[in-house]
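K.L.:
File data_36.cif below, mmCIF, C-alpha atoms:
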```cif
data_protein
loop_
_atom_site.group_PDB
_atom_site.id
_atom_site.type_symbol
_atom_site.label_atom_id
_atom_site.label_comp_id
_atom_site.auth_asym_id
_atom_site.auth_seq_id
_atom_site.Cartn_x
_atom_site.Cartn_y
_atom_site.Cartn_z
ATOM 1 C CA MET A 1 -45.402 12.692 -43.974
ATOM 2 C CA ARG A 2 -43.034 10.662 -41.799
ATOM 3 C CA LYS A 3 -39.371 11.349 -42.296
ATOM 4 C CA PRO A 4 -37.348 8.237 -43.193
ATOM 5 C CA MET A 5 -35.130 7.031 -40.359
ATOM 6 C CA SER A 6 -31.365 7.223 -40.754
ATOM 7 C CA ALA A 7 -28.908 4.365 -40.308
ATOM 8 C CA ASN A 8 -27.698 6.089 -37.109
ATOM 9 C CA HIS A 9 -31.190 5.817 -35.652
ATOM 10 C CA TYR A 10 -31.099 2.032 -36.044
ATOM 11 C CA LEU A 11 -27.515 1.807 -34.792
ATOM 12 C CA ASN A 12 -28.580 3.605 -31.629
ATOM 13 C CA LYS A 13 -31.164 0.875 -31.088
ATOM 14 C CA ILE A 14 -28.664 -1.975 -31.415
ATOM 15 C CA LYS A 15 -25.834 -0.432 -29.343
ATOM 16 C CA PRO A 16 -27.492 -1.075 -25.949
ATOM 17 C CA ILE A 17 -28.133 -4.679 -27.049
ATOM 18 C CA VAL A 18 -24.556 -5.545 -28.013
ATOM 19 C CA ARG A 19 -23.239 -4.381 -24.645
ATOM 20 C CA LYS A 20 -25.023 -7.316 -22.985
ATOM 21 C CA THR A 21 -25.596 -9.789 -25.855
ATOM 22 C CA LYS A 22 -22.844 -11.258 -28.015
ATOM 23 C CA PHE A 23 -23.116 -9.729 -31.465
ATOM 24 C CA SER A 24 -21.526 -12.863 -32.940
ATOM 25 C CA GLN A 25 -24.546 -14.874 -31.776
ATOM 26 C CA LEU A 26 -27.188 -12.508 -33.148
ATOM 27 C CA ARG A 27 -28.862 -13.413 -36.427
ATOM 28 C CA ILE A 28 -30.036 -10.804 -38.903
ATOM 29 C CA ASP A 29 -33.605 -11.635 -37.819
ATOM 30 C CA ASP A 30 -32.651 -10.808 -34.217
ATOM 31 C CA ILE A 31 -30.976 -7.563 -35.202
ATOM 32 C CA ALA A 32 -33.972 -6.465 -37.284
ATOM 33 C CA LYS A 33 -36.227 -7.238 -34.314
ATOM 34 C CA TYR A 34 -34.121 -5.124 -31.939
ATOM 35 C CA MET A 35 -34.032 -2.307 -34.490
ATOM 36 C CA ASP A 36 -37.814 -2.648 -34.816
ATOM 37 C CA ILE A 37 -37.686 -2.893 -38.604
ATOM 38 C CA SER A 38 -38.162 -5.531 -41.284
ATOM 39 C CA LYS A 39 -35.202 -7.295 -42.863
ATOM 40 C CA VAL A 40 -36.029 -5.490 -46.111
ATOM 41 C CA THR A 41 -35.656 -2.109 -44.392
ATOM 42 C CA LEU A 42 -32.510 -3.262 -42.612
ATOM 43 C CA TYR A 43 -30.851 -4.129 -45.910
ATOM 44 C CA LYS A 44 -31.720 -0.686 -47.259
ATOM 45 C CA HIS A 45 -29.368 0.775 -44.649
ATOM 46 C CA PHE A 46 -26.799 -1.975 -44.096
ATOM 47 C CA SER A 47 -25.236 -4.381 -46.570
ATOM 48 C CA SER A 48 -24.619 -7.154 -44.034
ATOM 49 C CA LYS A 49 -24.268 -8.075 -40.390
ATOM 50 C CA ASP A 50 -20.564 -7.259 -40.645
ATOM 51 C CA ASP A 51 -21.442 -3.826 -41.997
ATOM 52 C CA ILE A 52 -23.534 -3.176 -38.875
ATOM 53 C CA ILE A 53 -20.770 -4.069 -36.408
ATOM 54 C CA GLU A 54 -18.261 -2.065 -38.462
ATOM 55 C CA GLN A 55 -20.498 0.997 -38.215
ATOM 56 C CA VAL A 56 -21.041 0.472 -34.479
ATOM 57 C CA VAL A 57 -17.271 0.305 -33.920
ATOM 58 C CA GLU A 58 -16.675 3.317 -36.184
ATOM 59 C CA TYR A 59 -19.169 5.297 -34.098
ATOM 60 C CA GLU A 60 -17.328 4.361 -30.899
ATOM 61 C CA ILE A 61 -13.973 5.329 -32.438
ATOM 62 C CA GLN A 62 -15.354 8.697 -33.531
ATOM 63 C CA TYR A 63 -16.711 9.241 -30.019
ATOM 64 C CA LEU A 64 -13.300 8.514 -28.498
ATOM 65 C CA GLN A 65 -11.706 10.958 -30.950
ATOM 66 C CA GLN A 66 -14.283 13.651 -30.166
ATOM 67 C CA ALA A 67 -13.606 13.122 -26.468
ATOM 68 C CA ASP A 68 -9.997 14.108 -27.149
ATOM 69 C CA LEU A 69 -11.193 17.557 -28.207
ATOM 70 C CA VAL A 70 -12.523 18.237 -24.700
ATOM 71 C CA VAL A 71 -9.172 17.898 -22.926
ATOM 72 C CA ASN A 72 -7.601 20.291 -25.439
ATOM 73 C CA ASP A 73 -10.361 22.913 -25.162
ATOM 74 C CA ASP A 74 -8.636 25.791 -23.360
ATOM 75 C CA SER A 75 -11.900 27.765 -23.299
ATOM 76 C CA LEU A 76 -13.007 25.410 -20.497
ATOM 77 C CA SER A 77 -11.462 25.400 -17.044
ATOM 78 C CA TYR A 78 -9.603 22.332 -15.803
ATOM 79 C CA VAL A 79 -12.398 21.479 -13.359
ATOM 80 C CA ASP A 80 -15.027 21.755 -16.115
ATOM 81 C CA ARG A 81 -12.971 19.463 -18.327
ATOM 82 C CA PHE A 82 -12.504 17.109 -15.395
ATOM 83 C CA GLN A 83 -16.285 16.726 -15.140
ATOM 84 C CA LYS A 84 -16.740 16.251 -18.874
ATOM 85 C CA THR A 85 -13.991 13.624 -19.120
ATOM 86 C CA PHE A 86 -15.595 11.698 -16.249
ATOM 87 C CA LEU A 87 -18.939 11.617 -18.070
ATOM 88 C CA GLN A 88 -17.178 10.503 -21.235
ATOM 89 C CA SER A 89 -15.444 7.702 -19.324
ATOM 90 C CA LEU A 90 -18.820 6.606 -17.967
ATOM 91 C CA LEU A 91 -20.300 6.536 -21.460
ATOM 92 C CA CYS A 92 -17.308 4.560 -22.764
ATOM 93 C CA VAL A 93 -17.809 1.914 -20.085
ATOM 94 C CA VAL A 94 -21.549 1.792 -20.799
ATOM 95 C CA TYR A 95 -21.092 0.980 -24.487
ATOM 96 C CA LEU A 96 -17.687 -0.708 -24.494
ATOM 97 C CA SER A 97 -18.671 -3.439 -22.075
ATOM 98 C CA ASP A 98 -16.348 -6.344 -21.297
ATOM 99 C CA LEU A 99 -18.693 -8.696 -23.167
ATOM 100 C CA PHE A 100 -18.683 -6.492 -26.257
ATOM 101 C CA LEU A 101 -14.886 -6.146 -26.239
ATOM 102 C CA GLN A 102 -14.315 -9.885 -25.727
ATOM 103 C CA ASP A 103 -16.689 -10.749 -28.557
ATOM 104 C CA LEU A 104 -15.052 -8.188 -30.821
ATOM 105 C CA LYS A 105 -11.573 -9.499 -30.026
ATOM 106 C CA GLU A 106 -12.550 -13.084 -30.864
ATOM 107 C CA PHE A 107 -14.649 -12.578 -33.994
ATOM 108 C CA TYR A 108 -13.608 -9.164 -35.345
ATOM 109 C CA PRO A 109 -9.933 -8.780 -34.346
ATOM 110 C CA THR A 110 -9.189 -6.037 -36.868
ATOM 111 C CA LEU A 111 -12.033 -3.895 -35.541
ATOM 112 C CA TYR A 112 -10.945 -4.682 -31.993
ATOM 113 C CA ASP A 113 -7.406 -3.479 -32.710
ATOM 114 C CA LYS A 114 -8.715 -0.213 -34.210
ATOM 115 C CA LEU A 115 -10.901 0.380 -31.163
ATOM 116 C CA VAL A 116 -8.067 -0.373 -28.726
ATOM 117 C CA MET A 117 -5.794 2.048 -30.580
ATOM 118 C CA ALA A 118 -8.401 4.814 -30.269
ATOM 119 C CA GLN A 119 -8.821 4.055 -26.559
ATOM 120 C CA GLN A 120 -5.060 4.117 -25.999
ATOM 121 C CA ASN A 121 -4.834 7.467 -27.768
ATOM 122 C CA ARG A 122 -7.560 8.856 -25.516
ATOM 123 C CA ASN A 123 -5.718 7.582 -22.443
ATOM 124 C CA LYS A 124 -2.515 9.334 -23.553
ATOM 125 C CA ASN A 125 -4.394 12.605 -24.031
ATOM 126 C CA LEU A 126 -6.041 12.244 -20.622
ATOM 127 C CA GLN A 127 -2.670 11.605 -18.999
ATOM 128 C CA ALA A 128 -1.284 14.760 -20.622
ATOM 129 C CA PHE A 129 -4.348 16.712 -19.451
ATOM 130 C CA PHE A 130 -3.962 15.564 -15.838
ATOM 131 C CA GLU A 131 -0.225 16.299 -15.888
ATOM 132 C CA ALA A 132 -0.893 19.815 -17.201
ATOM 133 C CA GLY A 133 -3.503 20.331 -14.457
ATOM 134 C CA MET A 134 -0.988 19.208 -11.855
ATOM 135 C CA ASP A 135 1.600 21.643 -13.213
ATOM 136 C CA ARG A 136 -1.017 24.422 -12.980
ATOM 137 C CA LYS A 137 -1.689 23.341 -9.370
ATOM 138 C CA VAL A 138 -5.343 22.543 -10.104
ATOM 139 C CA PHE A 139 -4.975 18.782 -9.573
ATOM 140 C CA ASN A 140 -3.151 17.049 -6.748
ATOM 141 C CA ARG A 141 0.178 15.551 -7.734
ATOM 142 C CA MET A 142 -0.097 11.813 -8.463
ATOM 143 C CA ASN A 143 0.680 9.284 -11.181
ATOM 144 C CA PRO A 144 -1.752 10.384 -13.957
ATOM 145 C CA VAL A 145 -2.268 6.786 -15.096
ATOM 146 C CA LEU A 146 -3.845 5.715 -11.808
ATOM 147 C CA PRO A 147 -7.068 7.802 -12.135
ATOM 148 C CA LEU A 148 -7.672 6.207 -15.562
ATOM 149 C CA ILE A 149 -7.227 2.699 -14.169
ATOM 150 C CA GLN A 150 -9.389 3.543 -11.174
ATOM 151 C CA ASP A 151 -12.250 4.879 -13.322
ATOM 152 C CA ASP A 152 -12.183 1.935 -15.696
ATOM 153 C CA ALA A 153 -12.107 -0.666 -12.905
ATOM 154 C CA THR A 154 -14.707 1.010 -10.675
ATOM 155 C CA LEU A 155 -17.205 2.041 -13.347
ATOM 156 C CA ARG A 156 -16.963 -1.355 -15.063
ATOM 157 C CA ARG A 157 -17.656 -3.042 -11.734
ATOM 158 C CA PHE A 158 -20.708 -0.848 -11.199
ATOM 159 C CA MET A 159 -22.037 -1.847 -14.617
ATOM 160 C CA GLU A 160 -21.526 -5.599 -14.292
ATOM 161 C CA PRO A 161 -24.857 -7.478 -14.326
ATOM 162 C CA THR A 162 -23.529 -9.820 -11.622
ATOM 163 C CA PHE A 163 -22.747 -6.920 -9.279
ATOM 164 C CA SER A 164 -25.656 -5.888 -7.078
ATOM 165 C CA ILE A 165 -25.141 -2.300 -5.985
ATOM 166 C CA GLN A 166 -28.261 -2.672 -3.813
ATOM 167 C CA TRP A 167 -26.193 -4.757 -1.386
ATOM 168 C CA TYR A 168 -24.660 -1.452 -0.357
ATOM 169 C CA ASP A 169 -28.017 0.329 -0.090
ATOM 170 C CA LEU A 170 -27.274 2.449 -3.164
ATOM 171 C CA THR A 171 -28.834 2.847 -6.563
ATOM 172 C CA LEU A 172 -26.538 2.727 -9.585
ATOM 173 C CA LYS A 173 -27.006 6.456 -10.154
ATOM 174 C CA GLN A 174 -26.209 7.243 -6.523
ATOM 175 C CA ALA A 175 -23.075 5.095 -6.644
ATOM 176 C CA ILE A 176 -21.784 6.883 -9.755
ATOM 177 C CA ILE A 177 -22.512 10.345 -8.331
ATOM 178 C CA GLU A 178 -20.882 9.551 -4.982
ATOM 179 C CA TYR A 179 -17.866 8.036 -6.720
ATOM 180 C CA TYR A 180 -17.547 11.191 -8.818
ATOM 181 C CA LYS A 181 -17.640 13.358 -5.673
ATOM 182 C CA MET A 182 -14.966 11.163 -4.115
ATOM 183 C CA LYS A 183 -12.835 11.667 -7.248
ATOM 184 C CA GLN A 184 -13.205 15.430 -6.914
ATOM 185 C CA TYR A 185 -11.683 15.425 -3.423
ATOM 186 C CA GLN A 186 -9.074 12.915 -4.487
ATOM 187 C CA MET A 187 -7.858 14.840 -7.541
ATOM 188 C CA ILE A 188 -8.756 18.536 -7.256
ATOM 189 C CA ARG A 189 -6.877 20.799 -4.911
ATOM 190 C CA PRO A 190 -9.089 22.295 -2.136
ATOM 191 C CA GLU A 191 -8.807 25.879 -3.393
ATOM 192 C CA HIS A 192 -10.401 24.867 -6.715
ATOM 193 C CA LEU A 193 -13.297 22.773 -5.404
ATOM 194 C CA ASP A 194 -15.660 25.757 -5.152
ATOM 195 C CA ALA A 195 -15.242 26.391 -8.903
ATOM 196 C CA ILE A 196 -17.034 23.150 -9.800
ATOM 197 C CA ASP A 197 -20.527 23.500 -11.257
ATOM 198 C CA ASP A 198 -22.346 20.199 -10.777
ATOM 199 C CA SER A 199 -25.853 21.612 -11.265
ATOM 200 C CA ASN A 200 -26.504 19.465 -14.369
ATOM 201 C CA PHE A 201 -24.320 16.513 -13.461
ATOM 202 C CA GLU A 202 -27.041 14.323 -11.946
ATOM 203 C CA ARG A 203 -29.299 14.860 -14.970
ATOM 204 C CA GLN A 204 -26.482 13.928 -17.353
ATOM 205 C CA VAL A 205 -25.734 10.716 -15.437
ATOM 206 C CA ALA A 206 -29.432 9.819 -15.497
ATOM 207 C CA GLU A 207 -29.566 10.359 -19.274
ATOM 208 C CA ILE A 208 -26.550 8.081 -19.811
ATOM 209 C CA LEU A 209 -28.058 5.338 -17.647
ATOM 210 C CA LEU A 210 -31.371 5.694 -19.470
ATOM 211 C CA THR A 211 -29.678 4.477 -22.666
ATOM 212 C CA ILE A 212 -29.141 1.038 -21.113
ATOM 213 C CA SER A 213 -32.331 0.716 -19.081
#
```
Would you mind writing the file's structure down as structure tokens?
P.N.:
Amino acid sequence: MRKPMSANHYLNKIKPIVRKTKFSQLRIDDIAKYMDISKVTLYKHFSSKDDIIEQVVEYEIQYLQQADLVVNDDSLSYVDRFQKTFLQSLLCVVYLSDLFLQDLKEFYPTLYDKLVMAQQNRNKNLQAFFEAGMDRKVFNRMNPVLPLIQDDATLRRFMEPTFSIQWYDLTLKQAIIEYYKMKQYQMIRPEHLDAIDDSNFERQVAEILLTIS
């Protein structure tokens, strides 16, 4: 007997859509189509279109809050946490696209403000993490805000539909991996570079990109 699908299963189907299609312009019929269910089934899980976007935003907020746990996990080395926070930043850019954020700001300002607050809190925790790593002489001394700005600007540019990474003879995955390697040399002091374990990094990047393919 087939197990009934959860609301999260259907939310996972709509999240890649709203990163490139304005949610405000989607009808319930469209949403049901993307979720691959009937409207009757949709309404068994969600009370309205607004309920769906609220749950999508709540998921993103919870993800940002869970990401905060990584930087405070002292059982992981600074270089391990550096890698994990990079992957989290990539995932944030994948789902919190400029189009999604602009649409949210215009049509769901309260949800937008909640999401921005969660993102700002994550940025503060990341700044504190980088500062602590600098004090421990794991990271090179620099303004800890600049790596956050750099990641957001660069990764968002990579993800823009109008940006053709092929012009530079690179695939999207290659560009992200090479950018990550560049960040390692930029941020991590030479004596700590050998401690980095990137054996699963390429696979993890591929899995993230698969969610939007």
K.L.:
Please, which residues in stretch 8-89 of chain A fall within 9 Å of stretch 191-202 of chain A when counting all atoms listed in the file, and what is the closest atom pair and distance in Å to one decimal for each, ordered by chain then residue number, as a Markdown table?
P.N.:
```
| residue | atom | partner | partner_atom | distance |
| --- | --- | --- | --- | --- |
| A:Val79 | CA | A:Ile196 | CA | 6.1 |
| A:Asp80 | CA | A:Ile196 | CA | 6.8 |
| A:Gln83 | CA | A:Phe201 | CA | 8.2 |
| A:Leu87 | CA | A:Phe201 | CA | 8.6 |
```
K.L.:
Between atom CA of A:Val70 and atom CA of A:Thr85, what distance in Å does the model show, to one decimal?
P.N.:
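About the pair atom CA of A:Val70 and atom CA of A:Thr85: they are 7.4 Å apart.
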K.L.:
Written as a list in words, what is the full residue list that the PyMOL selection byres ((chain A and resi 141-156) around 9) yields on the file shown?
P.N.:
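Evaluating the PyMOL selection byres ((chain A and resi 141-156) around 9) on these coordinates yields Phe86, Ser89, Leu90, Val93, Val94, Ser97, Asp98, Asn123, Lys124, Leu126, Gln127, Ala128, Phe129, Phe130, Glu131, Met134, Asp135, Lys137, Phe139, Asn140, Arg157, Phe158, Met159, Glu160, Ile176, Tyr179, Lys183 and Met187 of chain A.
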K.L.:
Any chance you could export the current selection's C-alpha atoms as a PDB file, in the coordinates of the input?
P.N.:
```pdb
ATOM      1  CA  PHE A  86     -15.595  11.698 -16.249  1.00  0.00           C
ATOM      2  CA  SER A  89     -15.444   7.702 -19.324  1.00  0.00           C
ATOM      3  CA  LEU A  90     -18.820   6.606 -17.967  1.00  0.00           C
ATOM      4  CA  VAL A  93     -17.809   1.914 -20.085  1.00  0.00           C
ATOM      5  CA  VAL A  94     -21.549   1.792 -20.799  1.00  0.00           C
ATOM      6  CA  SER A  97     -18.671  -3.439 -22.075  1.00  0.00           C
ATOM      7  CA  ASP A  98     -16.348  -6.344 -21.297  1.00  0.00           C
ATOM      8  CA  ASN A 123      -5.718   7.582 -22.443  1.00  0.00           C
ATOM      9  CA  LYS A 124      -2.515   9.334 -23.553  1.00  0.00           C
ATOM     10  CA  LEU A 126      -6.041  12.244 -20.622  1.00  0.00           C
ATOM     11  CA  GLN A 127      -2.670  11.605 -18.999  1.00  0.00           C
ATOM     12  CA  ALA A 128      -1.284  14.760 -20.622  1.00  0.00           C
ATOM     13  CA  PHE A 129      -4.348  16.712 -19.451  1.00  0.00           C
ATOM     14  CA  PHE A 130      -3.962  15.564 -15.838  1.00  0.00           C
ATOM     15  CA  GLU A 131      -0.225  16.299 -15.888  1.00  0.00           C
ATOM     16  CA  MET A 134      -0.988  19.208 -11.855  1.00  0.00           C
ATOM     17  CA  ASP A 135       1.600  21.643 -13.213  1.00  0.00           C
ATOM     18  CA  LYS A 137      -1.689  23.341  -9.370  1.00  0.00           C
ATOM     19  CA  PHE A 139      -4.975  18.782  -9.573  1.00  0.00           C
ATOM     20  CA  ASN A 140      -3.151  17.049  -6.748  1.00  0.00           C
ATOM     21  CA  ARG A 157     -17.656  -3.042 -11.734  1.00  0.00           C
ATOM     22  CA  PHE A 158     -20.708  -0.848 -11.199  1.00  0.00           C
ATOM     23  CA  MET A 159     -22.037  -1.847 -14.617  1.00  0.00           C
ATOM     24  CA  GLU A 160     -21.526  -5.599 -14.292  1.00  0.00           C
ATOM     25  CA  ILE A 176     -21.784   6.883  -9.755  1.00  0.00           C
ATOM     26  CA  TYR A 179     -17.866   8.036  -6.720  1.00  0.00           C
ATOM     27  CA  LYS A 183     -12.835  11.667  -7.248  1.00  0.00           C
ATOM     28  CA  MET A 187      -7.858  14.840  -7.541  1.00  0.00           C
TER      29      MET A 187
END
```
K.L.:
Quick one: of A:Asn125, A:Val57, A:Tyr43, A:Leu101, who's nearest to A:Asp73, counting all atoms listed in the file?
P.N.:
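Closest to A:Asp73, using all atoms listed in the file: A:Asn125.
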K.L.:
List the spatial neighbours of A:Ala118 as a list of chain:residue names - criterion: any atom at most 8 Å away, only C-alpha atoms, same-chain residues fewer than 6 positions off excluded.
P.N.:
A:Ile61, A:Leu64, A:Gln65
K.L.:
Got a sec to resolve the PyMOL selection byres ((chain A and resi 24) around 7) on this structure and send the residues as a PyMOL selection string?
P.N.:
chain A and resi 22-23+25-26+103+107
K.L.:
At what distance in Å, to one decimal, does atom CA of A:Tyr185 lie from atom CA of A:Asp74?
P.N.:
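If I compute the distance from atom CA of A:Asp74 to atom CA of A:Tyr185, I get 22.7 Å.
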K.L.:
Could you tell me, as a list in words, exactly which residues end up selected when the PyMOL selection byres ((chain A and resi 211) around 10) is applied to this structure?
P.N.:
Asn12, Lys13, Lys15, Pro16, Leu91, Val94, Tyr95, Ala206, Glu207, Ile208, Leu209, Leu210, Ile212 and Ser213 of chain A
K.L.:
Show me, as number ranges by chain, the residues that have an atom within 9 Å of A:Leu42 when counting all atoms listed in the file, minus same-chain residues fewer than 3 positions from it.
P.N.:
A: 7, 10, 28, 31-32, 35, 37-39, 45-48
K.L.:
With C-alpha atoms kept, could you save the residues just selected as a CSV table (one decimal), in the coordinates of the input?
P.N.:
```
chain,number,residue,atom,x,y,z
A,7,ALA,CA,-28.9,4.4,-40.3
A,10,TYR,CA,-31.1,2.0,-36.0
A,28,ILE,CA,-30.0,-10.8,-38.9
A,31,ILE,CA,-31.0,-7.6,-35.2
A,32,ALA,CA,-34.0,-6.5,-37.3
A,35,MET,CA,-34.0,-2.3,-34.5
A,37,ILE,CA,-37.7,-2.9,-38.6
A,38,SER,CA,-38.2,-5.5,-41.3
A,39,LYS,CA,-35.2,-7.3,-42.9
A,45,HIS,CA,-29.4,0.8,-44.6
A,46,PHE,CA,-26.8,-2.0,-44.1
A,47,SER,CA,-25.2,-4.4,-46.6
A,48,SER,CA,-24.6,-7.2,-44.0
```
K.L.:
Please compute the atom CA of A:Asp51-atom CA of A:Leu111 distance, one decimal, in Å.
P.N.:
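Interatomic distance, atom CA of A:Asp51 to atom CA of A:Leu111: 11.4 Å.
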